[in-house]
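Here is target-v6.cif, consisting of mmCIF, N, CA and C atoms:
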```cif
data_upload
loop_
_atom_site.label_atom_id
_atom_site.label_comp_id
_atom_site.auth_asym_id
_atom_site.auth_seq_id
_atom_site.Cartn_x
_atom_site.Cartn_y
_atom_site.Cartn_z
N MET A 213 -2.33 35.40 -4.81
CA MET A 213 -3.21 34.39 -5.39
C MET A 213 -3.69 33.48 -4.27
N ASN A 214 -4.97 33.24 -4.23
CA ASN A 214 -5.59 32.43 -3.20
C ASN A 214 -5.72 30.98 -3.69
N ARG A 215 -5.07 30.05 -2.96
CA ARG A 215 -5.10 28.65 -3.35
C ARG A 215 -6.13 27.91 -2.50
N PRO A 216 -6.67 26.79 -3.03
CA PRO A 216 -7.59 25.99 -2.22
C PRO A 216 -6.92 25.55 -0.91
N ALA A 217 -7.72 25.40 0.11
CA ALA A 217 -7.20 25.15 1.45
C ALA A 217 -6.46 23.82 1.58
N MET A 218 -6.79 22.83 0.77
CA MET A 218 -6.19 21.51 0.97
C MET A 218 -5.09 21.18 -0.02
N VAL A 219 -4.60 22.17 -0.75
CA VAL A 219 -3.52 21.92 -1.70
C VAL A 219 -2.29 21.39 -0.97
N TRP A 220 -2.00 21.91 0.20
CA TRP A 220 -0.83 21.47 0.97
C TRP A 220 -0.88 19.98 1.28
N LEU A 221 -2.09 19.43 1.42
CA LEU A 221 -2.24 18.01 1.74
C LEU A 221 -1.60 17.13 0.67
N PHE A 222 -1.69 17.55 -0.56
CA PHE A 222 -1.12 16.79 -1.66
C PHE A 222 0.30 17.22 -1.99
N GLU A 223 0.58 18.52 -1.95
CA GLU A 223 1.93 18.99 -2.26
C GLU A 223 2.97 18.45 -1.27
N SER A 224 2.58 18.24 -0.04
CA SER A 224 3.51 17.76 0.98
C SER A 224 3.56 16.24 1.06
N GLY A 225 2.65 15.56 0.38
CA GLY A 225 2.61 14.10 0.43
C GLY A 225 1.84 13.56 1.62
N VAL A 226 1.23 14.43 2.41
CA VAL A 226 0.50 14.00 3.60
C VAL A 226 -0.71 13.14 3.21
N ALA A 227 -1.30 13.39 2.06
CA ALA A 227 -2.45 12.58 1.63
C ALA A 227 -2.06 11.11 1.52
N SER A 228 -0.91 10.83 0.94
CA SER A 228 -0.47 9.44 0.84
C SER A 228 -0.07 8.89 2.20
N ASP A 229 0.47 9.73 3.07
CA ASP A 229 0.80 9.29 4.44
C ASP A 229 -0.45 8.83 5.18
N ILE A 230 -1.54 9.56 5.01
CA ILE A 230 -2.80 9.20 5.67
C ILE A 230 -3.28 7.83 5.16
N ILE A 231 -3.18 7.62 3.86
CA ILE A 231 -3.60 6.34 3.29
C ILE A 231 -2.71 5.21 3.81
N MET A 232 -1.40 5.47 3.96
CA MET A 232 -0.51 4.43 4.48
C MET A 232 -0.83 4.10 5.94
N VAL A 233 -1.28 5.08 6.71
CA VAL A 233 -1.70 4.81 8.09
C VAL A 233 -2.95 3.92 8.08
N VAL A 234 -3.87 4.19 7.16
CA VAL A 234 -5.07 3.36 7.04
C VAL A 234 -4.69 1.93 6.66
N ILE A 235 -3.72 1.77 5.77
CA ILE A 235 -3.26 0.44 5.39
C ILE A 235 -2.65 -0.27 6.60
N ALA A 236 -1.87 0.44 7.41
CA ALA A 236 -1.29 -0.16 8.61
C ALA A 236 -2.38 -0.58 9.59
N CYS A 237 -3.41 0.24 9.75
CA CYS A 237 -4.54 -0.12 10.62
C CYS A 237 -5.25 -1.36 10.10
N GLU A 238 -5.39 -1.45 8.78
CA GLU A 238 -6.01 -2.63 8.18
C GLU A 238 -5.18 -3.88 8.46
N ALA A 239 -3.85 -3.76 8.38
CA ALA A 239 -2.98 -4.90 8.66
C ALA A 239 -3.15 -5.37 10.10
N ILE A 240 -3.22 -4.43 11.02
CA ILE A 240 -3.42 -4.77 12.44
C ILE A 240 -4.77 -5.46 12.62
N TRP A 241 -5.80 -4.91 11.99
CA TRP A 241 -7.14 -5.50 12.09
C TRP A 241 -7.18 -6.92 11.53
N LEU A 242 -6.54 -7.11 10.36
CA LEU A 242 -6.53 -8.45 9.76
C LEU A 242 -5.81 -9.45 10.65
N ARG A 243 -4.75 -9.01 11.31
CA ARG A 243 -3.98 -9.92 12.17
C ARG A 243 -4.74 -10.23 13.46
N LEU A 244 -5.27 -9.20 14.12
CA LEU A 244 -5.87 -9.39 15.43
C LEU A 244 -7.30 -9.91 15.37
N ARG A 245 -8.08 -9.45 14.43
CA ARG A 245 -9.50 -9.83 14.38
C ARG A 245 -9.79 -10.99 13.44
N ARG A 246 -9.10 -11.02 12.32
CA ARG A 246 -9.36 -12.07 11.33
C ARG A 246 -8.35 -13.20 11.41
N HIS A 247 -7.30 -13.02 12.20
CA HIS A 247 -6.27 -14.03 12.45
C HIS A 247 -5.55 -14.48 11.17
N TRP A 248 -5.30 -13.51 10.29
CA TRP A 248 -4.55 -13.81 9.08
C TRP A 248 -3.09 -14.00 9.44
N GLN A 249 -2.40 -14.81 8.66
CA GLN A 249 -0.96 -14.95 8.82
C GLN A 249 -0.27 -13.71 8.27
N ILE A 250 0.92 -13.43 8.81
CA ILE A 250 1.68 -12.25 8.40
C ILE A 250 1.96 -12.28 6.89
N VAL A 251 2.31 -13.44 6.37
CA VAL A 251 2.62 -13.56 4.94
C VAL A 251 1.39 -13.19 4.10
N ALA A 252 0.23 -13.64 4.52
CA ALA A 252 -1.00 -13.32 3.78
C ALA A 252 -1.29 -11.83 3.81
N ILE A 253 -1.04 -11.21 4.96
CA ILE A 253 -1.26 -9.76 5.09
C ILE A 253 -0.30 -9.00 4.17
N LEU A 254 0.97 -9.41 4.18
CA LEU A 254 1.95 -8.75 3.31
C LEU A 254 1.60 -8.92 1.84
N CYS A 255 1.20 -10.13 1.47
CA CYS A 255 0.82 -10.36 0.07
C CYS A 255 -0.35 -9.47 -0.34
N ARG A 256 -1.30 -9.27 0.55
CA ARG A 256 -2.50 -8.51 0.23
C ARG A 256 -2.27 -7.01 0.24
N LEU A 257 -1.48 -6.50 1.20
CA LEU A 257 -1.40 -5.06 1.41
C LEU A 257 -0.15 -4.38 0.83
N MET A 258 0.92 -5.13 0.62
CA MET A 258 2.15 -4.50 0.15
C MET A 258 2.03 -3.82 -1.22
N PRO A 259 1.29 -4.39 -2.19
CA PRO A 259 1.19 -3.67 -3.46
C PRO A 259 0.62 -2.25 -3.28
N GLY A 260 -0.43 -2.13 -2.50
CA GLY A 260 -1.02 -0.81 -2.26
C GLY A 260 -0.10 0.11 -1.50
N LEU A 261 0.59 -0.44 -0.50
CA LEU A 261 1.53 0.36 0.28
C LEU A 261 2.67 0.88 -0.59
N LEU A 262 3.21 0.02 -1.43
CA LEU A 262 4.29 0.44 -2.32
C LEU A 262 3.81 1.46 -3.35
N MET A 263 2.59 1.30 -3.83
CA MET A 263 2.06 2.30 -4.77
C MET A 263 1.84 3.65 -4.08
N MET A 264 1.47 3.62 -2.80
CA MET A 264 1.34 4.87 -2.05
C MET A 264 2.70 5.54 -1.84
N LEU A 265 3.75 4.74 -1.66
CA LEU A 265 5.10 5.30 -1.56
C LEU A 265 5.49 5.97 -2.88
N ALA A 266 5.15 5.32 -4.00
CA ALA A 266 5.43 5.91 -5.31
C ALA A 266 4.63 7.20 -5.51
N LEU A 267 3.38 7.19 -5.08
CA LEU A 267 2.56 8.40 -5.18
C LEU A 267 3.16 9.52 -4.36
N ARG A 268 3.61 9.20 -3.14
CA ARG A 268 4.23 10.22 -2.28
C ARG A 268 5.47 10.81 -2.95
N ALA A 269 6.28 9.93 -3.56
CA ALA A 269 7.47 10.40 -4.25
C ALA A 269 7.10 11.33 -5.41
N ALA A 270 6.05 10.98 -6.14
CA ALA A 270 5.62 11.82 -7.26
C ALA A 270 5.07 13.16 -6.77
N LEU A 271 4.27 13.12 -5.71
CA LEU A 271 3.68 14.36 -5.20
C LEU A 271 4.72 15.31 -4.64
N THR A 272 5.80 14.76 -4.10
CA THR A 272 6.83 15.61 -3.49
C THR A 272 8.00 15.85 -4.44
N ALA A 273 7.82 15.55 -5.72
CA ALA A 273 8.79 15.84 -6.78
C ALA A 273 10.14 15.17 -6.54
N GLN A 274 10.10 13.91 -6.13
CA GLN A 274 11.33 13.14 -5.99
C GLN A 274 11.79 12.68 -7.37
N GLY A 275 12.97 12.14 -7.45
CA GLY A 275 13.50 11.66 -8.71
C GLY A 275 12.71 10.47 -9.23
N TRP A 276 12.85 10.21 -10.51
CA TRP A 276 12.08 9.14 -11.15
C TRP A 276 12.37 7.78 -10.54
N VAL A 277 13.59 7.58 -10.03
CA VAL A 277 13.94 6.30 -9.44
C VAL A 277 13.06 6.01 -8.23
N TRP A 278 12.76 7.03 -7.44
CA TRP A 278 11.95 6.86 -6.22
C TRP A 278 10.48 6.65 -6.54
N ILE A 279 10.10 6.90 -7.77
CA ILE A 279 8.75 6.59 -8.22
C ILE A 279 8.72 5.18 -8.84
N ALA A 280 9.70 4.90 -9.67
CA ALA A 280 9.73 3.62 -10.39
C ALA A 280 10.04 2.44 -9.47
N LEU A 281 10.91 2.63 -8.50
CA LEU A 281 11.32 1.51 -7.64
C LEU A 281 10.15 0.91 -6.86
N PRO A 282 9.37 1.70 -6.12
CA PRO A 282 8.24 1.07 -5.41
C PRO A 282 7.19 0.50 -6.35
N LEU A 283 6.98 1.14 -7.50
CA LEU A 283 6.02 0.58 -8.46
C LEU A 283 6.49 -0.78 -8.97
N THR A 284 7.77 -0.88 -9.25
CA THR A 284 8.33 -2.15 -9.72
C THR A 284 8.26 -3.21 -8.63
N LEU A 285 8.57 -2.84 -7.40
CA LEU A 285 8.55 -3.80 -6.29
C LEU A 285 7.13 -4.25 -5.94
N SER A 286 6.12 -3.46 -6.30
CA SER A 286 4.75 -3.85 -5.98
C SER A 286 4.29 -5.04 -6.82
N PHE A 287 4.85 -5.21 -8.00
CA PHE A 287 4.40 -6.27 -8.90
C PHE A 287 4.63 -7.68 -8.34
N PRO A 288 5.82 -8.02 -7.83
CA PRO A 288 5.98 -9.37 -7.25
C PRO A 288 5.03 -9.64 -6.08
N PHE A 289 4.75 -8.62 -5.27
CA PHE A 289 3.80 -8.81 -4.18
C PHE A 289 2.40 -9.07 -4.72
N HIS A 290 2.05 -8.40 -5.80
CA HIS A 290 0.74 -8.64 -6.42
C HIS A 290 0.66 -10.07 -6.94
N LEU A 291 1.72 -10.52 -7.58
CA LEU A 291 1.74 -11.91 -8.08
C LEU A 291 1.67 -12.90 -6.92
N ALA A 292 2.37 -12.61 -5.83
CA ALA A 292 2.33 -13.49 -4.66
C ALA A 292 0.92 -13.53 -4.07
N ASP A 293 0.23 -12.41 -4.08
CA ASP A 293 -1.15 -12.38 -3.58
C ASP A 293 -2.05 -13.24 -4.45
N LEU A 294 -1.86 -13.17 -5.75
CA LEU A 294 -2.66 -14.00 -6.65
C LEU A 294 -2.38 -15.48 -6.44
N ARG A 295 -1.13 -15.80 -6.15
CA ARG A 295 -0.74 -17.21 -6.02
C ARG A 295 -0.99 -17.77 -4.62
N PHE A 296 -0.64 -16.99 -3.58
CA PHE A 296 -0.65 -17.52 -2.22
C PHE A 296 -1.60 -16.79 -1.27
N GLY A 297 -2.26 -15.76 -1.74
CA GLY A 297 -3.06 -14.92 -0.86
C GLY A 297 -4.24 -15.63 -0.24
N PRO A 298 -4.85 -15.00 0.77
CA PRO A 298 -6.00 -15.60 1.43
C PRO A 298 -7.14 -15.82 0.44
N GLY A 299 -7.87 -16.89 0.66
CA GLY A 299 -8.97 -17.21 -0.23
C GLY A 299 -8.55 -18.06 -1.42
N ARG A 300 -7.27 -18.29 -1.57
CA ARG A 300 -6.77 -19.08 -2.70
C ARG A 300 -7.34 -20.50 -2.65
N ARG A 301 -7.35 -21.11 -1.47
CA ARG A 301 -7.87 -22.47 -1.34
C ARG A 301 -9.36 -22.52 -1.62
N ALA A 302 -10.09 -21.47 -1.28
CA ALA A 302 -11.53 -21.46 -1.48
C ALA A 302 -11.90 -21.43 -2.96
N LYS A 303 -10.99 -20.95 -3.82
CA LYS A 303 -11.30 -20.83 -5.24
C LYS A 303 -11.03 -22.12 -6.00
N LYS A 304 -10.35 -23.08 -5.40
CA LYS A 304 -10.05 -24.34 -6.09
C LYS A 304 -11.24 -25.24 -6.18
#
```

Step by step, read the file and then write its structure as structure tokens.
Amino acid sequence: MNRPAMVWLFESGVASDIIMVVIACEAIWLRLRRHWQIVAILCRLMPGLLMMLALRAALTAQGWVWIALPLTLSFPFHLADLRFGPGRRAKK
């Protein structure tokens, strides 16, 4: 049976790894070019990073705990971004 050429990208979790590298590059860019504080960067990017970890766990058939844990941990970071994230002062 002939499978599409890029199936391995998702079955191995490499697709989510690529996205996590892009998120890391964005964090570096925000720090060096935009001069964001580390806390602001973490508040903004950690929810997406944790969701990518959950996606990787799901794609590689890990146990449900390894999917649920990063998804659960992403929520407080999302709330922190809403409360303390960059641009918060501009909206007042």

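Here atom CA of A:Glu238 stands at a distance of 14.7 Å from atom N of A:Met264.
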
Neighbour list for A:Arg256 as number ranges by chain, cut-off 7 Å, all atoms listed in the file, skip fewer than 2 positions in-chain
A: 251-254, 258-260, 289, 292-293, 297-298

Using N, CA and C atoms, can you export the residues from the last selection as a PDB file, in the frame of the given file?
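This is the output file part.pdb:
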```pdb
ATOM      1  N   VAL A 251       2.310 -13.440   6.370  1.00  0.00           N
ATOM      2  CA  VAL A 251       2.620 -13.560   4.940  1.00  0.00           C
ATOM      3  C   VAL A 251       1.390 -13.190   4.100  1.00  0.00           C
ATOM      4  N   ALA A 252       0.230 -13.640   4.520  1.00  0.00           N
ATOM      5  CA  ALA A 252      -1.000 -13.320   3.780  1.00  0.00           C
ATOM      6  C   ALA A 252      -1.290 -11.830   3.810  1.00  0.00           C
ATOM      7  N   ILE A 253      -1.040 -11.210   4.960  1.00  0.00           N
ATOM      8  CA  ILE A 253      -1.260  -9.760   5.090  1.00  0.00           C
ATOM      9  C   ILE A 253      -0.300  -9.000   4.170  1.00  0.00           C
ATOM     10  N   LEU A 254       0.970  -9.410   4.180  1.00  0.00           N
ATOM     11  CA  LEU A 254       1.950  -8.750   3.310  1.00  0.00           C
ATOM     12  C   LEU A 254       1.600  -8.920   1.840  1.00  0.00           C
ATOM     13  N   MET A 258       0.920  -5.130   0.620  1.00  0.00           N
ATOM     14  CA  MET A 258       2.150  -4.500   0.150  1.00  0.00           C
ATOM     15  C   MET A 258       2.030  -3.820  -1.220  1.00  0.00           C
ATOM     16  N   PRO A 259       1.290  -4.390  -2.190  1.00  0.00           N
ATOM     17  CA  PRO A 259       1.190  -3.670  -3.460  1.00  0.00           C
ATOM     18  C   PRO A 259       0.620  -2.250  -3.280  1.00  0.00           C
ATOM     19  N   GLY A 260      -0.430  -2.130  -2.500  1.00  0.00           N
ATOM     20  CA  GLY A 260      -1.020  -0.810  -2.260  1.00  0.00           C
ATOM     21  C   GLY A 260      -0.100   0.110  -1.500  1.00  0.00           C
ATOM     22  N   PHE A 289       4.750  -8.620  -5.270  1.00  0.00           N
ATOM     23  CA  PHE A 289       3.800  -8.810  -4.180  1.00  0.00           C
ATOM     24  C   PHE A 289       2.400  -9.070  -4.720  1.00  0.00           C
ATOM     25  N   ALA A 292       2.370 -12.610  -5.830  1.00  0.00           N
ATOM     26  CA  ALA A 292       2.330 -13.490  -4.660  1.00  0.00           C
ATOM     27  C   ALA A 292       0.920 -13.530  -4.070  1.00  0.00           C
ATOM     28  N   ASP A 293       0.230 -12.410  -4.080  1.00  0.00           N
ATOM     29  CA  ASP A 293      -1.150 -12.380  -3.580  1.00  0.00           C
ATOM     30  C   ASP A 293      -2.050 -13.240  -4.450  1.00  0.00           C
ATOM     31  N   GLY A 297      -2.260 -15.760  -1.740  1.00  0.00           N
ATOM     32  CA  GLY A 297      -3.060 -14.920  -0.860  1.00  0.00           C
ATOM     33  C   GLY A 297      -4.240 -15.630  -0.240  1.00  0.00           C
ATOM     34  N   PRO A 298      -4.850 -15.000   0.770  1.00  0.00           N
ATOM     35  CA  PRO A 298      -6.000 -15.600   1.430  1.00  0.00           C
ATOM     36  C   PRO A 298      -7.140 -15.820   0.440  1.00  0.00           C
TER      37      PRO A 298
END
```

Report the distance between atom CA of A:Leu261 and atom CA of A:Met232 in Å, rounded to one decimal place.
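Between these atoms lies a distance of 6.2 Å.
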
What would the selection look like, as a compact mmCIF listing (two decimals) with N, CA and C atoms, keeping the file's coordinate frame, if the PyMOL selection byres ((chain A and resi 272) around 6.5) were run on the coordinates I just shared?
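The result, written out as expr03.txt:
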```txt
# COMPACT_ATOMS: atom_id res chain seq x y z
N PHE A 222 -1.69 17.55 -0.56
CA PHE A 222 -1.12 16.79 -1.66
C PHE A 222 0.30 17.22 -1.99
N GLU A 223 0.58 18.52 -1.95
CA GLU A 223 1.93 18.99 -2.26
C GLU A 223 2.97 18.45 -1.27
N SER A 224 2.58 18.24 -0.04
CA SER A 224 3.51 17.76 0.98
C SER A 224 3.56 16.24 1.06
N GLY A 225 2.65 15.56 0.38
CA GLY A 225 2.61 14.10 0.43
C GLY A 225 1.84 13.56 1.62
N LEU A 267 3.38 7.19 -5.08
CA LEU A 267 2.56 8.40 -5.18
C LEU A 267 3.16 9.52 -4.36
N ARG A 268 3.61 9.20 -3.14
CA ARG A 268 4.23 10.22 -2.28
C ARG A 268 5.47 10.81 -2.95
N ALA A 269 6.28 9.93 -3.56
CA ALA A 269 7.47 10.40 -4.25
C ALA A 269 7.10 11.33 -5.41
N ALA A 270 6.05 10.98 -6.14
CA ALA A 270 5.62 11.82 -7.26
C ALA A 270 5.07 13.16 -6.77
N LEU A 271 4.27 13.12 -5.71
CA LEU A 271 3.68 14.36 -5.20
C LEU A 271 4.72 15.31 -4.64
N ALA A 273 7.82 15.55 -5.72
CA ALA A 273 8.79 15.84 -6.78
C ALA A 273 10.14 15.17 -6.54
N GLN A 274 10.10 13.91 -6.13
CA GLN A 274 11.33 13.14 -5.99
C GLN A 274 11.79 12.68 -7.37
```

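Residues surrounding A:Leu221 within 10 Å are Val226, Ala227, Ser228, Asp229, Ile230 and Leu271 of chain A [only C-alpha atoms; sequence separation below 5 positions excluded].
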
Using DSSP assignments from the backbone, pull out every residue in stretch 214-292 of chain A that falls under alpha helix (DSSP H) and give it to me as a PyMOL selection string.
chain A and resi 219-223+226-244+250-271+276-292

Report the distance between atom CA of A:Leu281 and atom CA of A:Leu257 in Å, rounded to one decimal place.
16.9 Å

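The smallest atom-to-atom distance between A:Met263 and any of A:Ala217, A:Leu242, A:Cys237, A:Ala280, using only C-alpha atoms, is found for A:Ala280.
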